[in-house]
Amino acid sequence: MQVTLKILRYNPEKDARPHWESYRLEAEPMDRVLDLLHKVKWEGDGTLAFRRSCGHGICGSCAMMINGRNRLACKTLVKDLGTEVIEVQPIRGLPVEKDLVVDMEPFFKAYRAVKPWLINDEPPPERERLQSPEERERFDEGTKCILCASCTTSCPVFWVNGTYIGPSAVVQAHRFIFDSRDKGAHERFPVLGSTGGVWRCRTAYNCTEACPREIPVTQLIQEVKRAIMFGEF
Amino acid sequence: MYRGREGQWAFYLHRISGVAIILFLTLHVTEISSSMFGPKWFNALLEFEANPIFGLGLVGVAALVLYHALNGLRIILMDFTSWGVKYQRQLWYGVWALYVVIGFPMLFAMLGHVFGGGE
């Protein structure tokens, strides 16, 4: 089958603003959008810039807006899109560096702000910090995050607010706040409870729809809100 | 346009209706407080507002207030129950079902009032 791949191109050294370019390609229904991008870059226009690494939905490099929704190019099949014209543009709300490559630094700054590591000043036990299967299950969803930024850059508040840390950072915070071994919730709450924190979430659910790992993102954000409000976690 | 689903549109409409309510309240408070300058100004302003354009605006604001109120209940359920987020889509359809039951009779009655010239 033939498809038209429309890519929002931008070269900061030449273009005043991004513009659409179309590529007519031969594609198989089981091709991934990543395969089509490779075809353009390797066989057509080598100047096309995009990020990808593993190609198997685990590194989180190839998040982009495909047919109006954030998805991983490596997990999106041509047949699942069901359209002959496929539109690809960079994820929103982060500065575009070139074509589909965005500056991820604001995203990772928000990630670091919630201290995504185990905080526990108690002396370590002789062998390990034991945890029951139920206690491990409590924060399981958050451990699936691959930091692809699909959720954060699908959030209407993140696009315009400028200070909101975004859904992904809250998911990361949730992963540690609800970990029975972690004692750092009160170090994280000042950031999460500030004006750029969880209260900016207005439950638009784009994050939950966008997550390629099927994390119930909005649910986790709501749990962090309640943890701050009621002090129960 | 980002192709979000029900939640995104529920949020946008909630925002837009919120802004409309603020604008209406500002106008309303201005109108009422004009009575400070005596009956002459107050009556003149009310007379000016008694035309069908303002009447239609009022019906529009009432329509948005009702959405804002019903979706507000949905948001309360999502914020304070363990199941609200899971059923947010169904809750939104519930908002529209209630909207039809409560809103349509109310809005038709108001339209009759605007164009029928009162009681």
# chains A, B, ... in the order shown; residues from 1 in each chain; ligands from 1
call {"tool": "interface_residues", "arguments": {"of": "chain A", "to": "chain B", "cutoff": "8 Å", "atoms": "only C-alpha atoms", "output": "list in words"}}
result
Asn67, Gly68, Arg69, Ser154, Arg202, Thr203, Ala204, Tyr205, Asn206, Glu209, Thr218, Gln219 and Gln222 of chain A
call {"tool": "residues_around", "arguments": {"residues": "region 136-147 of chain A", "least_positions_apart": "6", "cutoff": "6 Å", "atoms": "only C-alpha atoms", "output": "ChimeraX atom specification"}}
result
/A:60,171,175,178,215
call {"tool": "write_last_selection", "arguments": {"atoms": "N, CA and C atoms", "output": "PDB file, in the first residue's frame"}}
result
ATOM      1  N   GLY A  60      11.926   4.878  25.393  1.00  0.00           N
ATOM      2  CA  GLY A  60      11.198   6.144  25.519  1.00  0.00           C
ATOM      3  C   GLY A  60      11.768   7.291  24.714  1.00  0.00           C
ATOM      4  N   VAL A 171       4.060  11.095  38.531  1.00  0.00           N
ATOM      5  CA  VAL A 171       4.097   9.622  38.523  1.00  0.00           C
ATOM      6  C   VAL A 171       5.360   9.133  39.219  1.00  0.00           C
ATOM      7  N   ARG A 175       5.710   6.936  42.747  1.00  0.00           N
ATOM      8  CA  ARG A 175       6.433   5.672  42.843  1.00  0.00           C
ATOM      9  C   ARG A 175       7.212   5.566  44.167  1.00  0.00           C
ATOM     10  N   PHE A 178       4.635   6.218  47.765  1.00  0.00           N
ATOM     11  CA  PHE A 178       3.843   5.063  48.179  1.00  0.00           C
ATOM     12  C   PHE A 178       4.676   3.797  48.360  1.00  0.00           C
ATOM     13  N   ILE A 215      -0.077   3.307  32.054  1.00  0.00           N
ATOM     14  CA  ILE A 215      -0.106   3.725  33.459  1.00  0.00           C
ATOM     15  C   ILE A 215      -1.349   4.598  33.657  1.00  0.00           C
TER      16      ILE A 215
END
call {"tool": "select_by_dssp", "arguments": {"residues": "chain B", "states": "alpha helix (DSSP H)", "output": "ChimeraX atom specification"}}
result
/B:6-33,39-49,52-80,88-98,104-116
call {"tool": "residues_around", "arguments": {"residues": "Val96 (chain A)", "least_positions_apart": "2", "cutoff": "12 Å", "atoms": "only C-alpha atoms", "output": "JSON, numbers by chain"}}
result
{"A": [8, 9, 10, 11, 12, 17, 18, 49, 50, 64, 89, 90, 91, 92, 93, 94, 98, 99, 100, 101, 102, 103, 104, 105]}
call {"tool": "write_last_selection", "arguments": {"atoms": "C-alpha atoms", "output": "tab-separated table (two decimals), in the first residue's frame"}}
result
chain	number	residue	atom	x	y	z
A	8	LEU	CA	6.43	18.94	10.50
A	9	ARG	CA	9.97	19.92	9.56
A	10	TYR	CA	12.05	22.66	11.18
A	11	ASN	CA	15.67	23.59	10.62
A	12	PRO	CA	16.66	26.36	13.05
A	17	ARG	CA	8.96	28.55	11.50
A	18	PRO	CA	8.14	24.85	11.13
A	49	ALA	CA	16.17	14.52	12.51
A	50	PHE	CA	14.35	12.37	15.07
A	64	MET	CA	6.00	12.09	18.89
A	89	GLN	CA	4.97	16.33	14.53
A	90	PRO	CA	7.17	16.88	17.58
A	91	ILE	CA	5.68	16.53	21.08
A	92	ARG	CA	4.27	19.84	22.31
A	93	GLY	CA	5.31	22.21	25.05
A	94	LEU	CA	9.07	21.65	24.79
A	98	LYS	CA	15.27	20.30	14.82
A	99	ASP	CA	12.41	18.51	13.05
A	100	LEU	CA	11.09	15.97	15.59
A	101	VAL	CA	13.83	16.51	18.18
A	102	VAL	CA	12.85	18.60	21.20
A	103	ASP	CA	14.86	19.92	24.14
A	104	MET	CA	14.02	17.47	26.95
A	105	GLU	CA	15.83	19.46	29.66
call {"tool": "residues_around", "arguments": {"residues": "Val217 (chain A)", "least_positions_apart": "3", "cutoff": "8 Å", "atoms": "only C-alpha atoms", "output": "list in words"}}
result
Cys151, Pro167, Ser168, Val171, Cys207, Thr208, Cys211, Leu220 and Ile221 of chain A
call {"tool": "residues_around", "arguments": {"residues": "region 48-58 of chain B", "least_positions_apart": "5", "cutoff": "12 Å", "atoms": "only C-alpha atoms", "output": "list in words"}}
result
Ala20, Ile21, Leu23, Phe24, Leu25, Leu27, His28, Glu31, Trp41, Phe42, Asn43, Ala63, Leu64, Val65, Leu107, Phe108, Met110, Leu111, Gly112, His113, Val114, Phe115, Gly116, Gly117 and Gly118 of chain B
call {"tool": "write_last_selection", "arguments": {"atoms": "C-alpha atoms", "output": "mmCIF file, in the first residue's frame"}}
result
data_model
loop_
_atom_site.group_PDB
_atom_site.id
_atom_site.type_symbol
_atom_site.label_atom_id
_atom_site.label_comp_id
_atom_site.auth_asym_id
_atom_site.auth_seq_id
_atom_site.Cartn_x
_atom_site.Cartn_y
_atom_site.Cartn_z
ATOM 1 C CA ALA B 20 -18.196 33.160 30.812
ATOM 2 C CA ILE B 21 -19.543 32.993 34.379
ATOM 3 C CA LEU B 23 -17.696 37.877 32.808
ATOM 4 C CA PHE B 24 -21.406 37.589 33.551
ATOM 5 C CA LEU B 25 -20.898 38.163 37.279
ATOM 6 C CA LEU B 27 -21.507 42.651 34.367
ATOM 7 C CA HIS B 28 -24.158 41.723 36.899
ATOM 8 C CA GLU B 31 -25.372 46.632 36.789
ATOM 9 C CA TRP B 41 -29.053 55.459 35.824
ATOM 10 C CA PHE B 42 -30.187 52.121 37.183
ATOM 11 C CA ASN B 43 -33.450 52.144 35.211
ATOM 12 C CA ALA B 63 -26.609 26.964 29.614
ATOM 13 C CA LEU B 64 -22.923 27.271 30.554
ATOM 14 C CA VAL B 65 -23.647 27.615 34.295
ATOM 15 C CA LEU B 107 -33.565 26.729 28.497
ATOM 16 C CA PHE B 108 -36.796 26.411 26.485
ATOM 17 C CA MET B 110 -36.073 30.960 29.259
ATOM 18 C CA LEU B 111 -36.203 31.324 25.455
ATOM 19 C CA GLY B 112 -39.989 31.619 25.648
ATOM 20 C CA HIS B 113 -39.514 34.334 28.225
ATOM 21 C CA VAL B 114 -37.001 36.244 26.076
ATOM 22 C CA PHE B 115 -39.044 36.160 22.881
ATOM 23 C CA GLY B 116 -42.542 35.951 24.387
ATOM 24 C CA GLY B 117 -42.127 39.184 26.305
ATOM 25 C CA GLY B 118 -42.592 37.844 29.813
#
call {"tool": "residues_around", "arguments": {"residues": "region 111-117 of chain A", "least_positions_apart": "3", "cutoff": "10 Å", "atoms": "only C-alpha atoms", "output": "PyMOL selection string"}}
result
chain A and resi 105-108+120+147+165-177+182+184-185+187-192+197
call {"tool": "select_by_dssp", "arguments": {"residues": "region 8-233 of chain A", "states": "strand (DSSP E)", "output": "ChimeraX atom specification"}}
result
/A:8-9,19-26,63-66,69-72,85-89,96-98,101-102
call {"tool": "write_last_selection", "arguments": {"atoms": "N, CA and C atoms", "output": "short mmCIF file (atom, residue, chain, number, x, y, z; two decimals), in the first residue's frame"}}
result
data_model
loop_
_atom_site.label_atom_id
_atom_site.label_comp_id
_atom_site.auth_asym_id
_atom_site.auth_seq_id
_atom_site.Cartn_x
_atom_site.Cartn_y
_atom_site.Cartn_z
N LEU A 8 6.23 17.52 10.20
CA LEU A 8 6.43 18.94 10.50
C LEU A 8 7.93 19.18 10.66
N ARG A 9 8.52 19.74 9.59
CA ARG A 9 9.97 19.92 9.56
C ARG A 9 10.37 21.29 10.09
N HIS A 19 7.39 23.86 9.03
CA HIS A 19 6.51 23.71 7.88
C HIS A 19 6.31 22.22 7.59
N TRP A 20 5.20 21.90 6.93
CA TRP A 20 4.90 20.50 6.62
C TRP A 20 5.60 20.08 5.34
N GLU A 21 6.15 18.87 5.35
CA GLU A 21 6.66 18.27 4.11
C GLU A 21 6.07 16.88 3.96
N SER A 22 5.69 16.53 2.73
CA SER A 22 5.04 15.24 2.48
C SER A 22 5.96 14.28 1.75
N TYR A 23 5.87 13.01 2.12
CA TYR A 23 6.67 11.97 1.48
C TYR A 23 5.73 10.84 1.10
N ARG A 24 5.77 10.46 -0.17
CA ARG A 24 4.95 9.34 -0.65
C ARG A 24 5.78 8.07 -0.51
N LEU A 25 5.25 7.09 0.22
CA LEU A 25 6.05 5.90 0.52
C LEU A 25 5.26 4.63 0.27
N GLU A 26 6.00 3.58 -0.03
CA GLU A 26 5.42 2.24 -0.08
C GLU A 26 5.52 1.67 1.33
N ALA A 63 8.94 9.28 21.32
CA ALA A 63 7.62 9.86 21.50
C ALA A 63 7.43 11.02 20.53
N MET A 64 6.33 10.98 19.79
CA MET A 64 6.00 12.09 18.89
C MET A 64 4.50 12.15 18.71
N MET A 65 4.01 13.26 18.18
CA MET A 65 2.57 13.37 17.98
C MET A 65 2.22 12.81 16.61
N ILE A 66 1.55 11.66 16.61
CA ILE A 66 1.21 10.96 15.37
C ILE A 66 -0.29 11.00 15.19
N ARG A 69 -2.13 12.54 18.21
CA ARG A 69 -2.00 12.00 19.57
C ARG A 69 -0.56 11.62 19.85
N ASN A 70 -0.14 11.78 21.09
CA ASN A 70 1.22 11.38 21.45
C ASN A 70 1.32 9.85 21.50
N ARG A 71 2.32 9.34 20.79
CA ARG A 71 2.55 7.89 20.78
C ARG A 71 4.03 7.64 20.55
N LEU A 72 4.46 6.40 20.79
CA LEU A 72 5.82 6.02 20.44
C LEU A 72 5.80 5.57 18.98
N VAL A 85 -3.02 9.11 4.99
CA VAL A 85 -2.11 10.22 5.30
C VAL A 85 -1.75 10.13 6.78
N ILE A 86 -0.46 10.09 7.05
CA ILE A 86 0.00 9.99 8.44
C ILE A 86 0.76 11.27 8.80
N GLU A 87 0.26 11.97 9.81
CA GLU A 87 0.88 13.23 10.21
C GLU A 87 1.76 13.04 11.43
N VAL A 88 3.00 13.48 11.33
CA VAL A 88 3.93 13.34 12.46
C VAL A 88 4.49 14.71 12.81
N GLN A 89 4.37 15.08 14.08
CA GLN A 89 4.97 16.33 14.53
C GLN A 89 5.61 16.14 15.90
N VAL A 96 11.46 23.04 20.23
CA VAL A 96 11.91 22.18 19.13
C VAL A 96 13.34 22.56 18.75
N GLU A 97 14.21 21.56 18.70
CA GLU A 97 15.60 21.83 18.30
C GLU A 97 15.77 21.64 16.80
N LYS A 98 15.26 20.52 16.27
CA LYS A 98 15.27 20.30 14.82
C LYS A 98 14.25 19.22 14.49
N VAL A 101 13.01 16.54 16.96
CA VAL A 101 13.83 16.51 18.18
C VAL A 101 13.53 17.74 19.03
N VAL A 102 13.12 17.48 20.30
CA VAL A 102 12.85 18.60 21.20
C VAL A 102 13.86 18.62 22.33
#
call {"tool": "atom_distance", "arguments": {"atom1": "CA of Gly18 (chain B)", "atom2": "CA of Trp96 (chain B)"}}
result
17.4 Å
call {"tool": "atom_distance", "arguments": {"atom1": "CA of Leu73 (chain B)", "atom2": "CA of Gly103 (chain B)"}}
result
15.4 Å
